[in-house]
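Worksheet: the structure to be examined is printed underneath.
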Amino acid sequence: MTRFAFVTWDGGGNVPPAVGIAQGLVARGHDVVFIGYEVQRKRFEQRRLPFAALRRSGGFDIYATSDPGERIAGLMANVWASPEHLDDIPDALAATSADVLVVDFSMQGALASATQSVAPVAVLAHSTITGLTPPPESPMGAARLSATNRLREGARLPQLARLTEAWTGYPTLVTTIPALDPAAETADGSVHYLGPIFEALPDDPWESPWQADDDRPLVLVSFSTTGLWDQSGRIRNTLEALARESVRVLVSASQSMDLGPIPDNAAIRPFVPHQRVLHGAALTVTHAGHGTVAASLAHGVPIVALPNPAADQPFLAARVQQLGAGLALDGESGPTAIRTAVREVMTQPSYAAIAARLAIAINGAPGVGGAAVELERLAVASLATL
């Protein structure tokens, strides 16, 4: 039995794949512990997964401010390039008695600390490397690279030309398929594309708000639930776009949102487990976060994307359109543009056909079992060197 420690933060899409892998390891007889931020504690404890907050940086609350500039500055100092991780990670490893360390790929301070770790280290990338690693010539990429190199200089570590160099030599688990990530074309043997990994949820029954004989196509409307973005405008525009269409519209959104009048063909639910409804869906309208994109494509459901202007969302929206599995709109598109895109995707069979082909690739990927095998292999290799 091995004890695996996952170092993570509350970025939205990065947590479910880590939880899914952890659940798979527990099912194989291993122990797991999550190391992160105090705002995450409740989430992990609800799933009965042990949790430890980082001693110095763990008090940071990503949702404490709605000001974009303050939020980015806080993420940079406390998550993406935190000098405090140089001490936090060794302390957490000692406190949790972890045998193997799995580090979120965006946490450069933790990766720098890992160079001195006695325990073997793996890196977890929850989405496409291309979409989530800003190039150094971009403003965000330059800022993150500069902050990373400052902390590495303080730790007397070599400077990086690109953020991805911090992973060199570590087994890297990427929870997407190569078709969604051009970086797969040049990846070496240490990078393992596992396919999307989802958190296992309780088998709670799903009760449809529509009659069983209602055969109108189902459209799932699913936008970010992290609180980092105000999604109400996108949802209002989508509801207006579909109000007079012969479809059923299922919206996954907080009922406290100001969504205006709800059309007769729509239903709002605060949380909709994707795997419970996508098997019967004809289309997903989404912000194009990797979790929703991957879940939709895993069920062969094409996509209309209205991405938020950050992270992997613009890239994934464009990639889905490039592959022919949906259409990408500007995130601020109005009802007319959304309606036109929805009609296009739902009436042209090629979109569903390509989504179905991607579903075959996703469902044939190594998944949780493959992740567990790679991590177990890392643990065994480490023991062999002792």
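Residues in the structure tokens are named by chain (A, B, ... in the order shown) and by number from 1 within that chain; ligands are numbered from 1 in the order shown.
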
DSSP-assigned strand (DSSP E or B) among stretch 4-222 of chain A, expressed as an MDAnalysis selection string: chainID A and resid 4:7 31:36 51:53 100:104 121:125 172:174 191:193 218:222

Residue nearest A:Phe198 - candidates A:Ala155, A:Leu101, A:Thr176, A:Gly36, atoms counted: only C-alpha atoms: A:Thr176

For A:Arg41, list every protein, DNA or RNA residue within 8 Å, evaluated using only C-alpha atoms, and leave out those in the same chain fewer than 3 positions away; present the list as an MDAnalysis selection string. chainID A and resid 37:38 44:45 51:53

Mind writing the picked residues with C-alpha atoms as an mmCIF file, in the first residue's frame?
```
data_model
loop_
_atom_site.group_PDB
_atom_site.id
_atom_site.type_symbol
_atom_site.label_atom_id
_atom_site.label_comp_id
_atom_site.auth_asym_id
_atom_site.auth_seq_id
_atom_site.Cartn_x
_atom_site.Cartn_y
_atom_site.Cartn_z
ATOM 1 C CA TYR A 37 -6.103 25.651 0.454
ATOM 2 C CA GLU A 38 -8.471 26.021 3.365
ATOM 3 C CA PHE A 44 -12.695 17.048 0.167
ATOM 4 C CA GLU A 45 -14.167 16.207 3.534
ATOM 5 C CA PHE A 51 -7.098 16.985 3.468
ATOM 6 C CA ALA A 52 -4.269 19.161 4.810
ATOM 7 C CA ALA A 53 -3.985 22.920 4.228
#
```

Near A:Thr172, counting only C-alpha atoms, which residues have an atom at most 8 Å away, once you skip same-chain residues fewer than 2 positions from it, shown as a list in words?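 That gives Ala122, Val123, Leu124, Ala125, Trp167, Tyr170, Val174, Ser190, Val191 and His192 of chain A.
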
Mind pulling up the distance from atom CA of A:Glu84 to atom CA of A:Val102?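 For atom CA of A:Val102 relative to atom CA of A:Glu84, the distance reads 17.9 Å.
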
List the spatial neighbours of stretch 14-30 of chain A as a count of residues only - criterion: any atom at most 6 Å away, only C-alpha atoms, same-chain residues fewer than 3 positions off excluded. 9
